[in-house]
$ cat protein.csv   # CSV, C-alpha atoms and all ligand atoms
chain,number,residue,atom,x,y,z
A,1,MET,CA,33.0,-205.0,158.3
A,2,GLN,CA,32.9,-208.6,157.3
A,3,ILE,CA,31.3,-210.7,160.1
A,4,ALA,CA,31.9,-214.4,160.0
A,5,ASP,CA,28.8,-216.6,159.6
A,6,ASN,CA,29.5,-218.5,162.8
A,7,THR,CA,29.8,-215.2,164.7
A,8,LYS,CA,26.3,-214.2,163.5
A,9,ILE,CA,24.9,-217.6,164.6
A,10,LEU,CA,26.6,-217.4,167.9
A,11,MET,CA,25.2,-213.9,168.5
A,12,PHE,CA,21.7,-215.1,167.6
A,13,TYR,CA,22.0,-218.0,170.0
A,14,GLU,CA,23.1,-215.6,172.8
A,15,MET,CA,20.2,-213.3,172.2
A,16,LYS,CA,17.7,-216.2,172.0
A,17,ARG,CA,19.1,-217.5,175.3
A,18,ILE,CA,18.8,-214.2,177.1
A,19,ARG,CA,15.3,-213.8,175.8
A,20,MET,CA,14.2,-217.3,176.9
A,21,VAL,CA,15.9,-216.8,180.3
A,22,GLN,CA,13.9,-213.5,180.8
A,23,ASP,CA,10.7,-215.1,179.6
A,24,HIS,CA,11.2,-217.9,182.2
A,25,ILE,CA,11.9,-215.5,185.0
A,26,GLU,CA,8.8,-213.5,183.9
A,27,SER,CA,6.5,-216.4,183.9
A,28,HIS,CA,7.7,-217.8,187.3
A,29,TYR,CA,8.1,-214.5,189.1
A,30,LEU,CA,4.8,-214.5,190.9
A,31,GLN,CA,5.6,-217.9,192.6
A,32,ASP,CA,7.7,-215.7,194.9
A,33,GLU,CA,10.7,-218.0,195.0
A,34,MET,CA,12.9,-215.3,193.5
A,35,LYS,CA,13.4,-213.1,196.5
A,36,THR,CA,14.5,-210.0,194.6
A,37,PRO,CA,13.0,-207.3,192.4
A,38,VAL,CA,13.7,-208.0,188.7
A,39,HIS,CA,14.2,-205.5,185.9
A,40,LEU,CA,13.9,-207.5,182.7
A,41,CYS,CA,15.7,-206.6,179.5
A,42,ILE,CA,13.2,-208.1,177.0
A,43,GLY,CA,13.6,-206.0,173.8
A,44,GLN,CA,17.1,-204.9,174.6
A,45,GLU,CA,19.1,-208.1,173.9
A,46,ALA,CA,20.9,-206.8,170.8
A,47,VAL,CA,22.8,-204.2,172.8
A,48,ALA,CA,24.2,-206.6,175.4
A,49,VAL,CA,25.1,-209.3,172.8
A,50,GLY,CA,26.4,-207.0,170.1
A,51,ALA,CA,28.6,-205.1,172.6
A,52,CYS,CA,29.9,-208.0,174.5
A,53,SER,CA,30.7,-210.0,171.4
A,54,ALA,CA,33.2,-207.3,170.5
A,55,LEU,CA,35.0,-207.8,173.8
A,56,GLN,CA,37.6,-210.2,175.2
A,57,LYS,CA,37.3,-212.0,178.5
A,58,THR,CA,40.0,-209.6,179.9
A,59,ASP,CA,37.8,-206.6,179.1
A,60,TYR,CA,35.6,-205.1,181.8
A,61,ILE,CA,32.0,-204.2,181.9
A,62,SER,CA,29.9,-202.4,184.5
A,63,SER,CA,26.2,-202.2,184.4
A,64,ASN,CA,23.0,-201.2,186.0
A,65,HIS,CA,19.8,-202.6,187.6
A,66,ARG,CA,18.7,-204.1,184.2
A,67,SER,CA,21.7,-206.3,184.0
A,68,HIS,CA,20.8,-210.0,183.2
A,69,GLY,CA,21.6,-209.6,179.5
A,70,HIS,CA,24.9,-207.9,180.1
A,71,TYR,CA,25.9,-210.6,182.6
A,72,LEU,CA,25.1,-213.5,180.3
A,73,ALA,CA,26.5,-211.9,177.2
A,74,LYS,CA,29.8,-211.3,179.0
A,75,GLY,CA,30.1,-215.0,179.8
A,76,GLY,CA,28.4,-215.1,183.2
A,77,ASN,CA,27.2,-218.5,184.4
A,78,LEU,CA,23.5,-219.1,184.1
A,79,ASN,CA,23.2,-221.3,187.2
A,80,ASN,CA,24.9,-218.6,189.3
A,81,LEU,CA,22.6,-215.9,187.9
A,82,ILE,CA,19.4,-217.8,188.7
A,83,ALA,CA,20.7,-218.7,192.1
A,84,GLU,CA,21.4,-215.0,192.8
A,85,LEU,CA,17.8,-214.2,191.9
A,86,HIS,CA,16.8,-216.8,194.6
A,87,CYS,CA,19.3,-215.1,197.0
A,88,LYS,CA,21.1,-218.4,197.4
A,89,MET,CA,24.8,-219.0,198.5
A,90,THR,CA,25.6,-220.3,195.0
A,91,GLY,CA,24.6,-217.0,193.4
A,92,CYS,CA,27.2,-215.0,191.6
A,93,SER,CA,27.1,-212.4,194.4
A,94,LYS,CA,26.8,-215.2,197.0
A,95,GLY,CA,23.1,-214.5,197.5
A,96,TYR,CA,23.6,-211.0,199.0
A,97,GLY,CA,23.1,-208.9,195.9
A,98,GLY,CA,19.9,-210.1,194.1
A,99,SER,CA,19.1,-209.1,190.6
A,100,MET,CA,20.4,-205.5,190.8
A,101,HIS,CA,23.8,-206.3,192.2
A,102,ILE,CA,25.3,-208.9,189.9
A,103,VAL,CA,29.1,-209.4,189.8
A,104,ASP,CA,31.5,-211.9,188.4
A,105,THR,CA,35.0,-210.6,188.2
A,106,SER,CA,36.2,-213.9,186.6
A,107,VAL,CA,34.5,-213.0,183.4
A,108,GLY,CA,35.2,-209.2,183.7
A,109,HIS,CA,31.7,-208.3,184.9
A,110,MET,CA,32.8,-205.8,187.6
A,111,GLY,CA,29.4,-205.3,189.1
A,112,SER,CA,26.0,-203.7,188.5
A,113,SER,CA,24.6,-200.9,190.6
A,114,SER,CA,21.1,-200.1,191.6
A,115,ILE,CA,22.1,-196.4,192.0
A,116,VAL,CA,21.0,-194.9,188.7
A,117,GLY,CA,24.3,-193.7,187.0
A,118,GLY,CA,26.3,-195.5,189.7
A,119,GLY,CA,28.2,-197.7,187.3
A,120,ILE,CA,29.4,-194.7,185.3
A,121,PRO,CA,32.2,-193.5,187.6
A,122,ILE,CA,33.0,-197.1,188.5
A,123,GLY,CA,33.6,-198.0,184.8
A,124,THR,CA,35.5,-194.7,184.3
A,125,GLY,CA,37.7,-195.7,187.3
A,126,LEU,CA,38.3,-199.1,185.7
A,127,GLY,CA,39.5,-197.2,182.6
A,128,LEU,CA,41.9,-195.3,184.8
A,129,ALA,CA,43.2,-198.5,186.4
A,130,ILE,CA,43.7,-200.1,182.9
A,131,SER,CA,45.6,-197.0,181.8
A,132,MET,CA,47.8,-196.8,184.9
A,133,LYS,CA,48.6,-200.5,184.8
A,134,GLN,CA,49.3,-200.2,181.0
A,135,GLN,CA,46.9,-203.1,180.2
A,136,ASN,CA,45.4,-203.6,176.8
A,137,SER,CA,41.8,-204.0,178.2
A,138,VAL,CA,38.8,-201.7,177.7
A,139,SER,CA,36.1,-200.8,180.1
A,140,VAL,CA,32.5,-200.8,178.8
A,141,ILE,CA,29.7,-199.1,180.8
A,142,PHE,CA,26.0,-199.9,180.1
A,143,PHE,CA,23.6,-197.3,181.4
A,144,GLY,CA,20.1,-196.0,180.5
A,145,ASP,CA,18.6,-192.7,179.3
A,146,GLY,CA,17.6,-192.0,182.9
A,147,ALA,CA,21.2,-192.3,184.0
A,148,ALA,CA,22.2,-189.9,181.2
A,149,ASP,CA,20.2,-187.3,183.1
A,150,GLU,CA,22.7,-187.5,186.0
A,151,GLY,CA,25.6,-185.0,186.2
A,152,VAL,CA,28.1,-187.8,186.9
A,153,LEU,CA,28.0,-188.8,183.2
A,154,TYR,CA,29.5,-185.5,182.1
A,155,GLU,CA,32.1,-185.4,184.9
A,156,SER,CA,33.1,-188.9,184.0
A,157,ILE,CA,33.3,-188.3,180.2
A,158,ASN,CA,35.3,-185.1,180.8
A,159,PHE,CA,37.8,-187.0,182.9
A,160,ALA,CA,38.0,-189.9,180.4
A,161,ILE,CA,38.7,-187.5,177.6
A,162,LEU,CA,41.3,-185.6,179.6
A,163,LYS,CA,43.2,-188.8,180.4
A,164,LYS,CA,42.4,-190.6,177.1
A,165,LEU,CA,40.9,-193.5,179.0
A,166,PRO,CA,39.9,-196.7,177.2
A,167,VAL,CA,36.2,-196.4,178.2
A,168,ILE,CA,33.2,-197.0,176.0
A,169,TYR,CA,30.0,-195.4,177.3
A,170,ILE,CA,27.0,-197.4,176.0
A,171,LEU,CA,23.7,-195.6,176.5
A,172,GLU,CA,20.8,-197.9,176.1
A,173,ASN,CA,18.1,-195.4,175.2
A,174,ASN,CA,15.0,-197.5,175.9
A,175,GLN,CA,12.9,-194.3,175.9
A,176,TRP,CA,11.6,-194.6,179.5
A,177,SER,CA,12.9,-194.0,183.0
A,178,VAL,CA,10.3,-195.7,185.1
A,179,CYS,CA,7.3,-193.8,183.8
A,180,SER,CA,8.9,-190.7,182.4
A,181,HIS,CA,9.4,-190.5,178.7
A,182,VAL,CA,12.7,-189.3,177.5
A,183,SER,CA,11.0,-186.3,175.8
A,184,SER,CA,9.8,-185.0,179.2
A,185,ARG,CA,13.4,-185.1,180.5
A,186,GLN,CA,15.7,-184.2,177.7
A,187,ALA,CA,15.8,-181.0,175.6
A,188,GLY,CA,16.2,-182.1,172.0
A,189,LYS,CA,16.0,-185.6,170.5
A,190,ASN,CA,19.5,-186.7,170.7
A,191,ILE,CA,21.0,-187.4,174.0
A,192,PHE,CA,24.2,-188.1,172.2
A,193,HIS,CA,24.6,-184.4,171.3
A,194,HIS,CA,25.2,-183.9,175.0
A,195,ALA,CA,28.6,-185.6,174.5
A,196,PRO,CA,31.3,-183.2,173.3
A,197,GLN,CA,31.5,-184.7,169.8
A,198,LYS,CA,34.6,-182.9,168.7
A,199,LEU,CA,36.5,-184.5,171.6
A,200,LEU,CA,35.3,-188.1,171.6
A,201,MET,CA,34.1,-190.7,169.2
A,202,THR,CA,30.2,-190.6,169.2
A,203,LYS,CA,27.7,-192.6,167.4
A,204,LYS,CA,23.9,-193.0,167.5
A,205,ILE,CA,22.8,-196.3,166.2
A,206,ASP,CA,19.9,-198.8,166.0
A,207,GLY,CA,20.2,-200.7,169.2
A,208,ASN,CA,17.9,-203.4,168.0
A,209,ASN,CA,20.3,-204.4,165.2
A,210,VAL,CA,22.9,-206.7,166.8
A,211,LEU,CA,25.2,-206.5,163.8
A,212,GLU,CA,25.3,-202.7,163.9
A,213,VAL,CA,25.9,-202.7,167.6
A,214,TYR,CA,28.7,-205.3,167.1
A,215,GLU,CA,30.4,-203.2,164.3
A,216,THR,CA,30.2,-199.9,166.2
A,217,VAL,CA,31.5,-201.3,169.5
A,218,SER,CA,34.3,-203.1,167.6
A,219,GLU,CA,35.3,-199.8,166.1
A,220,ALA,CA,35.2,-198.1,169.6
A,221,VAL,CA,37.2,-201.0,171.1
A,222,ASN,CA,40.0,-200.6,168.4
A,223,PHE,CA,40.0,-196.9,169.0
A,224,ALA,CA,40.4,-197.4,172.7
A,225,ARG,CA,43.1,-200.1,172.4
A,226,LYS,CA,45.1,-197.8,170.2
A,227,GLY,CA,45.2,-195.3,173.0
A,228,TYR,CA,42.9,-192.7,171.4
A,229,GLY,CA,40.5,-192.6,174.4
A,230,PRO,CA,36.8,-192.9,175.1
A,231,SER,CA,33.7,-193.2,173.0
A,232,PHE,CA,30.0,-192.7,173.5
A,233,ILE,CA,27.5,-194.8,171.7
A,234,GLU,CA,23.7,-194.2,171.9
A,235,CYS,CA,21.7,-197.3,171.1
A,236,GLU,CA,18.1,-196.7,170.4
A,237,THR,CA,16.0,-199.5,171.7
A,238,TYR,CA,12.8,-200.2,173.8
A,239,ARG,CA,11.8,-201.7,177.0
A,240,ILE,CA,8.9,-204.0,176.0
A,241,LEU,CA,7.7,-204.8,179.5
A,242,GLY,CA,7.2,-202.5,182.5
A,243,HIS,CA,10.0,-201.0,184.6
A,244,ALA,CA,10.1,-203.9,187.1
A,245,GLY,CA,8.5,-207.2,187.9
A,246,CYS,CA,6.5,-209.3,185.5
A,247,ALA,CA,3.9,-208.4,182.9
A,248,SER,CA,0.9,-208.7,185.2
A,249,GLN,CA,2.5,-206.2,187.6
A,250,ASP,CA,3.0,-203.6,184.8
A,251,ALA,CA,1.6,-200.2,185.7
A,252,ASP,CA,-0.3,-199.0,182.7
A,253,GLY,CA,-1.6,-195.6,181.9
A,254,TYR,CA,1.7,-193.9,181.5
A,255,ARG,CA,2.4,-195.1,178.0
A,256,ASP,CA,0.4,-195.8,175.0
A,257,LEU,CA,0.4,-199.5,174.6
A,258,LYS,CA,0.4,-199.0,170.8
A,259,GLU,CA,3.9,-197.7,171.2
A,260,ALA,CA,5.0,-201.0,172.8
A,261,ASP,CA,3.2,-202.9,170.0
A,262,GLU,CA,5.1,-200.9,167.4
A,263,TRP,CA,8.4,-201.8,169.0
A,264,LYS,CA,7.5,-205.4,169.4
A,265,LYS,CA,7.4,-205.5,165.5
A,266,LYS,CA,11.1,-204.4,165.7
A,267,CYS,CA,11.9,-207.1,168.2
A,268,PRO,CA,15.7,-207.6,168.0
A,269,VAL,CA,15.5,-211.4,168.4
A,270,ASN,CA,12.7,-212.1,165.9
A,271,THR,CA,14.0,-209.7,163.2
A,272,PHE,CA,17.5,-211.2,163.4
A,273,GLN,CA,16.0,-214.7,163.3
A,274,GLU,CA,14.0,-213.9,160.1
A,275,LYS,CA,17.2,-212.5,158.5
A,276,LEU,CA,19.2,-215.6,159.3
A,277,ILE,CA,16.4,-217.9,158.0
A,278,GLN,CA,16.1,-215.8,154.8
A,279,GLY,CA,19.8,-215.8,154.3
A,280,ASN,CA,19.9,-219.6,154.7
A,281,PHE,CA,22.2,-219.3,157.7
A,282,LEU,CA,19.7,-221.2,159.9
A,283,SER,CA,16.7,-223.5,159.3
A,284,ILE,CA,13.5,-223.7,161.5
A,285,GLU,CA,14.8,-227.0,162.7
A,286,ASP,CA,18.1,-225.5,163.8
A,287,ILE,CA,16.2,-222.9,165.8
A,288,GLU,CA,13.9,-225.5,167.4
A,289,ASN,CA,17.0,-227.5,168.4
A,290,MET,CA,18.5,-224.3,169.9
A,291,GLU,CA,15.3,-223.7,171.8
A,292,SER,CA,15.2,-227.1,173.3
A,293,ARG,CA,18.9,-227.0,174.3
A,294,ILE,CA,18.3,-223.6,176.0
A,295,GLN,CA,15.1,-224.7,177.7
A,296,ALA,CA,16.9,-227.7,179.3
A,297,GLU,CA,19.7,-225.4,180.5
A,298,ILE,CA,17.2,-223.0,182.0
A,299,GLU,CA,15.3,-225.7,183.8
A,300,ASP,CA,18.5,-227.1,185.2
A,301,ALA,CA,19.5,-223.6,186.4
A,302,PHE,CA,16.2,-223.1,188.2
A,303,ASP,CA,16.5,-226.6,189.8
A,304,PHE,CA,20.1,-225.8,190.9
A,305,ALA,CA,18.9,-222.5,192.4
A,306,GLN,CA,16.0,-224.1,194.3
A,307,LYS,CA,18.2,-226.8,195.7
A,308,SER,CA,21.0,-224.5,196.8
A,309,PRO,CA,21.3,-223.3,200.4
A,310,LEU,CA,20.6,-219.8,201.7
A,311,PRO,CA,23.6,-217.9,203.0
A,312,PRO,CA,24.1,-218.6,206.7
A,313,SER,CA,23.4,-215.6,209.0
A,314,HIS,CA,26.8,-215.7,210.7
A,315,GLU,CA,28.3,-214.8,207.3
A,316,MET,CA,26.1,-211.7,206.9
A,317,THR,CA,28.9,-209.2,207.3
A,318,ASN,CA,31.7,-211.1,205.6
A,319,TYR,CA,31.5,-209.2,202.4
A,320,LEU,CA,31.1,-205.7,203.8
A,321,PHE,CA,33.8,-203.1,203.5
A,322,LYS,CA,35.0,-202.7,207.1
B,401,LIG,C1,20.2,-192.1,192.0
B,401,LIG,C2,18.9,-192.8,191.8
B,401,LIG,N1,17.8,-192.1,191.5
B,401,LIG,C3,16.6,-192.7,191.4
B,401,LIG,C4,16.5,-194.1,191.5
B,401,LIG,C5,15.2,-194.8,191.3
B,401,LIG,N2,15.2,-195.5,189.9
B,401,LIG,C6,15.5,-196.8,189.8
B,401,LIG,S1,15.6,-197.3,188.2
B,401,LIG,C7,15.2,-195.8,187.7
B,401,LIG,C8,15.1,-195.5,186.2
B,401,LIG,C9,16.3,-195.6,185.4
B,401,LIG,O1,16.1,-195.4,184.1
B,401,LIG,P1,17.2,-195.7,183.0
B,401,LIG,O2,18.5,-195.3,183.5
B,401,LIG,O3,16.7,-195.1,181.7
B,401,LIG,O4,17.2,-197.3,183.0
B,401,LIG,P2,16.0,-198.2,182.5
B,401,LIG,O5,15.3,-198.6,183.8
B,401,LIG,O6,15.2,-197.5,181.6
B,401,LIG,O7,16.7,-199.4,182.0
B,401,LIG,C10,15.0,-194.9,188.7
B,401,LIG,C11,14.7,-193.4,188.6
B,401,LIG,C12,17.7,-194.8,191.8
B,401,LIG,N3,17.7,-196.1,191.9
B,401,LIG,N4,18.9,-194.1,191.9
$ encode --input "protein.csv" --output "structure tokens" --more "lines below"
Ligand SMILES: Cc1ncc(C[n+]2csc(CCOP(=O)(O)OP(=O)(O)O)c2C)c(N)n1
Amino acid sequence: MQIADNTKILMFYEMKRIRMVQDHIESHYLQDEMKTPVHLCIGQEAVAVGACSALQKTDYISSNHRSHGHYLAKGGNLNNLIAELHCKMTGCSKGYGGSMHIVDTSVGHMGSSSIVGGGIPIGTGLGLAISMKQQNSVSVIFFGDGAADEGVLYESINFAILKKLPVIYILENNQWSVCSHVSSRQAGKNIFHHAPQKLLMTKKIDGNNVLEVYETVSEAVNFARKGYGPSFIECETYRILGHAGCASQDADGYRDLKEADEWKKKCPVNTFQEKLIQGNFLSIEDIENMESRIQAEIEDAFDFAQKSPLPPSHEMTNYLFK
């Protein structure tokens, strides 16, 4: 697949932006102004950006507790994301959701769920709605290897195959579910073998290679738009930091830190940056300019969040299903 130079540069910019936003959250987290647990996606940027770059605004995504990257890659507003982490009224979930319950239907981000596996039936239901309304959209679901342990995945995939739904199941295999390694939970090395391969399009790919993610998801999107049904893509990647919070709160002792060091060498942002410099797509100066632009945007977003009001208590039940 031929990928235009400006698409590559744009994808790099998005990845860099997500990384810098995560780094900023990480380094400010202990100030306790962000009143929410955070699950950072440092090391997993290529999955979010590669997949969302293959989508239109009218396509849907649903996601999980580790959702900052998915939200930004789908076109979510940075000010609204950071305000949500501060539980302010200007947040994308009006300050009621926090980091794990991000939603912005205006860009097709249909919500993230803190229930592991919770987004899977929601995204499958979105596929059913698309199909019943005869729309041309697709529904992409991001979930982790821990969620792949949940029975709801197999029920959902079965239903999507049966109804030929335009759903793309994107498994971010970052190797760990809190402190359980995938090998202690899964029989065999390939979770993707659990998907019935004769019945749906399945791929296992390098989730740290944004171009590979983009190409594979583009293929799955074409497949779905033609009415051929769902697909299942396992992206191998790694969660560089701990499960939740910031680096100094990481519980150690459950994983060999050499493992994280090895994956840091395969950092999706740095490896892509090197490729773009070597291919003369970008210069060091271009990258520095990008970084200062992003840094200014991040500082504005934190300022916006800090100055925003908290939700008033009389509105506490406004957004509940009654
Ligand atoms: C149904 C359910 N079981 C357990 C939990 C506690 N929990 C929160 S995140 C998590 C790990 C999820 O792992 P994975 O799906 O691989 O995503 P990752 O955190 O690795 O991105 C668990 C077990 C939960 N929130 N919901």
$ atom_distance --input "protein.csv" --atom1 "CA of Tyr214 in chain A" --atom2 "CA of Gly50 in chain A"
4.1 Å
$ closest_residue --input "protein.csv" --among "A:Gly118, A:Pro230, A:Gly97, A:Gly146" --to "ligand LIG 401 (chain B)" --atoms "all atoms listed in the file"
A:Gly146
$ residues_around --input "protein.csv" --residues "Thr124 in chain A" --least-positions-apart "4" --cutoff "9 Å" --atoms "all atoms listed in the file" --output "list of chain:residue names"
A:Gly119, A:Ile120, A:Leu128, A:Ala129, A:Ser139, A:Val140, A:Ile141, A:Ser156, A:Ile157, A:Phe159, A:Ala160, A:Leu165, A:Pro166, A:Val167, A:Ile168, A:Tyr169
$ atom_distance --input "protein.csv" --atom1 "CA of Gly127 in chain A" --atom2 "CA of Ser106 in chain A"
17.5 Å
$ closest_atom_pairs --input "protein.csv" --of "chain A" --to "ligand LIG 401 (chain B)" --cutoff "6 Å" --atoms "all atoms listed in the file" --output "Markdown table"
| residue | atom | partner | partner_atom | distance |
| --- | --- | --- | --- | --- |
| A:Arg66 | CA | B:LIG401 | O7 | 5.6 |
| A:Ser114 | CA | B:LIG401 | N3 | 5.3 |
| A:Ile115 | CA | B:LIG401 | N4 | 3.9 |
| A:Val116 | CA | B:LIG401 | N4 | 3.9 |
| A:Phe143 | CA | B:LIG401 | O2 | 5.9 |
| A:Gly144 | CA | B:LIG401 | O2 | 3.5 |
| A:Asp145 | CA | B:LIG401 | O3 | 3.9 |
| A:Gly146 | CA | B:LIG401 | O3 | 3.4 |
| A:Ala147 | CA | B:LIG401 | O2 | 4.1 |
| A:Asn174 | CA | B:LIG401 | O6 | 5.7 |
| A:Trp176 | CA | B:LIG401 | O6 | 5.1 |
| A:Ser177 | CA | B:LIG401 | O1 | 3.7 |
| A:Val178 | CA | B:LIG401 | C8 | 4.9 |
| A:His243 | CA | B:LIG401 | O5 | 5.9 |
$ write_last_selection --input "protein.csv" --atoms "C-alpha atoms" --output "PDB file, in the frame of the given file"
ATOM      1  CA  ARG A  66      18.700-204.100 184.200  1.00  0.00           C
ATOM      2  CA  SER A 114      21.100-200.100 191.600  1.00  0.00           C
ATOM      3  CA  ILE A 115      22.100-196.400 192.000  1.00  0.00           C
ATOM      4  CA  VAL A 116      21.000-194.900 188.700  1.00  0.00           C
ATOM      5  CA  PHE A 143      23.600-197.300 181.400  1.00  0.00           C
ATOM      6  CA  GLY A 144      20.100-196.000 180.500  1.00  0.00           C
ATOM      7  CA  ASP A 145      18.600-192.700 179.300  1.00  0.00           C
ATOM      8  CA  GLY A 146      17.600-192.000 182.900  1.00  0.00           C
ATOM      9  CA  ALA A 147      21.200-192.300 184.000  1.00  0.00           C
ATOM     10  CA  ASN A 174      15.000-197.500 175.900  1.00  0.00           C
ATOM     11  CA  TRP A 176      11.600-194.600 179.500  1.00  0.00           C
ATOM     12  CA  SER A 177      12.900-194.000 183.000  1.00  0.00           C
ATOM     13  CA  VAL A 178      10.300-195.700 185.100  1.00  0.00           C
ATOM     14  CA  HIS A 243      10.000-201.000 184.600  1.00  0.00           C
TER      15      HIS A 243
END
$ residues_around --input "protein.csv" --residues "range 85-91 of chain A" --least-positions-apart "2" --cutoff "12 Å" --atoms "all atoms listed in the file" --output "PDB file with C-alpha atoms, in the frame of the given file"
ATOM      1  CA  GLN A  22      13.900-213.500 180.800  1.00  0.00           C
ATOM      2  CA  ILE A  25      11.900-215.500 185.000  1.00  0.00           C
ATOM      3  CA  HIS A  28       7.700-217.800 187.300  1.00  0.00           C
ATOM      4  CA  TYR A  29       8.100-214.500 189.100  1.00  0.00           C
ATOM      5  CA  GLN A  31       5.600-217.900 192.600  1.00  0.00           C
ATOM      6  CA  ASP A  32       7.700-215.700 194.900  1.00  0.00           C
ATOM      7  CA  GLU A  33      10.700-218.000 195.000  1.00  0.00           C
ATOM      8  CA  MET A  34      12.900-215.300 193.500  1.00  0.00           C
ATOM      9  CA  LYS A  35      13.400-213.100 196.500  1.00  0.00           C
ATOM     10  CA  THR A  36      14.500-210.000 194.600  1.00  0.00           C
ATOM     11  CA  PRO A  37      13.000-207.300 192.400  1.00  0.00           C
ATOM     12  CA  VAL A  38      13.700-208.000 188.700  1.00  0.00           C
ATOM     13  CA  HIS A  39      14.200-205.500 185.900  1.00  0.00           C
ATOM     14  CA  SER A  67      21.700-206.300 184.000  1.00  0.00           C
ATOM     15  CA  HIS A  68      20.800-210.000 183.200  1.00  0.00           C
ATOM     16  CA  GLY A  76      28.400-215.100 183.200  1.00  0.00           C
ATOM     17  CA  ASN A  77      27.200-218.500 184.400  1.00  0.00           C
ATOM     18  CA  LEU A  78      23.500-219.100 184.100  1.00  0.00           C
ATOM     19  CA  ASN A  79      23.200-221.300 187.200  1.00  0.00           C
ATOM     20  CA  ASN A  80      24.900-218.600 189.300  1.00  0.00           C
ATOM     21  CA  LEU A  81      22.600-215.900 187.900  1.00  0.00           C
ATOM     22  CA  ILE A  82      19.400-217.800 188.700  1.00  0.00           C
ATOM     23  CA  ALA A  83      20.700-218.700 192.100  1.00  0.00           C
ATOM     24  CA  SER A  93      27.100-212.400 194.400  1.00  0.00           C
ATOM     25  CA  LYS A  94      26.800-215.200 197.000  1.00  0.00           C
ATOM     26  CA  GLY A  95      23.100-214.500 197.500  1.00  0.00           C
ATOM     27  CA  TYR A  96      23.600-211.000 199.000  1.00  0.00           C
ATOM     28  CA  GLY A  97      23.100-208.900 195.900  1.00  0.00           C
ATOM     29  CA  GLY A  98      19.900-210.100 194.100  1.00  0.00           C
ATOM     30  CA  SER A  99      19.100-209.100 190.600  1.00  0.00           C
ATOM     31  CA  MET A 100      20.400-205.500 190.800  1.00  0.00           C
ATOM     32  CA  HIS A 101      23.800-206.300 192.200  1.00  0.00           C
ATOM     33  CA  ILE A 102      25.300-208.900 189.900  1.00  0.00           C
ATOM     34  CA  VAL A 103      29.100-209.400 189.800  1.00  0.00           C
ATOM     35  CA  ASP A 104      31.500-211.900 188.400  1.00  0.00           C
ATOM     36  CA  ALA A 301      19.500-223.600 186.400  1.00  0.00           C
ATOM     37  CA  PHE A 302      16.200-223.100 188.200  1.00  0.00           C
ATOM     38  CA  ASP A 303      16.500-226.600 189.800  1.00  0.00           C
ATOM     39  CA  PHE A 304      20.100-225.800 190.900  1.00  0.00           C
ATOM     40  CA  ALA A 305      18.900-222.500 192.400  1.00  0.00           C
ATOM     41  CA  GLN A 306      16.000-224.100 194.300  1.00  0.00           C
ATOM     42  CA  LYS A 307      18.200-226.800 195.700  1.00  0.00           C
ATOM     43  CA  SER A 308      21.000-224.500 196.800  1.00  0.00           C
ATOM     44  CA  PRO A 309      21.300-223.300 200.400  1.00  0.00           C
ATOM     45  CA  LEU A 310      20.600-219.800 201.700  1.00  0.00           C
ATOM     46  CA  PRO A 311      23.600-217.900 203.000  1.00  0.00           C
ATOM     47  CA  PRO A 312      24.100-218.600 206.700  1.00  0.00           C
ATOM     48  CA  SER A 313      23.400-215.600 209.000  1.00  0.00           C
ATOM     49  CA  GLU A 315      28.300-214.800 207.300  1.00  0.00           C
ATOM     50  CA  MET A 316      26.100-211.700 206.900  1.00  0.00           C
TER      51      MET A 316
END
$ closest_residue --input "protein.csv" --among "A:Gln186, A:Ser137, A:Thr237, A:Asn208" --to "Ala224 in chain A" --atoms "all atoms listed in the file"
A:Ser137
$ atom_distance --input "protein.csv" --atom1 "CA of Met110 in chain A" --atom2 "CA of Asn318 in chain A"
18.8 Å
$ residues_around --input "protein.csv" --residues "range 202-207 of chain A" --least-positions-apart "2" --cutoff "9 Å" --atoms "only C-alpha atoms" --output "PyMOL selection string"
chain A and resi 44-47+50+172-173+190+192-193+195-198+200+209-210+212-213+216+231-238+268
$ closest_residue --input "protein.csv" --among "A:Ile130, A:Met20, A:Ala247, A:Ala187" --to "Asp149 in chain A" --atoms "only C-alpha atoms"
A:Ala187
$ closest_residue --input "protein.csv" --among "A:Thr58, A:Gln135, A:Ser218, A:Gly151" --to "Ile3 in chain A" --atoms "only C-alpha atoms"
A:Ser218
$ closest_residue --input "protein.csv" --among "A:Leu320, A:Ala251, A:Val182, A:Leu211" --to "Ala4 in chain A" --atoms "only C-alpha atoms"
A:Leu211
$ closest_residue --input "protein.csv" --among "A:Pro121, A:Gly43, A:Gln134, A:Gly229" --to "Leu162 in chain A" --atoms "all atoms listed in the file"
A:Gly229
$ residues_around --input "protein.csv" --residues "Gln56 in chain A" --least-positions-apart "3" --cutoff "10 Å" --atoms "all atoms listed in the file" --output "VMD selection string"
chain A and resid 52 to 53 59 to 60 74 107 to 108 137 to 138
$ write_last_selection --input "protein.csv" --atoms "C-alpha atoms" --output "mmCIF file, in the frame of the given file"
data_model
loop_
_atom_site.group_PDB
_atom_site.id
_atom_site.type_symbol
_atom_site.label_atom_id
_atom_site.label_comp_id
_atom_site.auth_asym_id
_atom_site.auth_seq_id
_atom_site.Cartn_x
_atom_site.Cartn_y
_atom_site.Cartn_z
ATOM 1 C CA CYS A 52 29.900 -208.000 174.500
ATOM 2 C CA SER A 53 30.700 -210.000 171.400
ATOM 3 C CA ASP A 59 37.800 -206.600 179.100
ATOM 4 C CA TYR A 60 35.600 -205.100 181.800
ATOM 5 C CA LYS A 74 29.800 -211.300 179.000
ATOM 6 C CA VAL A 107 34.500 -213.000 183.400
ATOM 7 C CA GLY A 108 35.200 -209.200 183.700
ATOM 8 C CA SER A 137 41.800 -204.000 178.200
ATOM 9 C CA VAL A 138 38.800 -201.700 177.700
#
$ residues_near_point --input "protein.csv" --point "(17.8, -212.8, 175.7)" --cutoff "10 Å" --atoms "all atoms listed in the file" --output "JSON, numbers by chain"
{"A": [12, 13, 14, 15, 16, 17, 18, 19, 20, 21, 22, 23, 40, 41, 42, 43, 44, 45, 46, 48, 49, 68, 69, 70, 72, 73, 268, 269]}
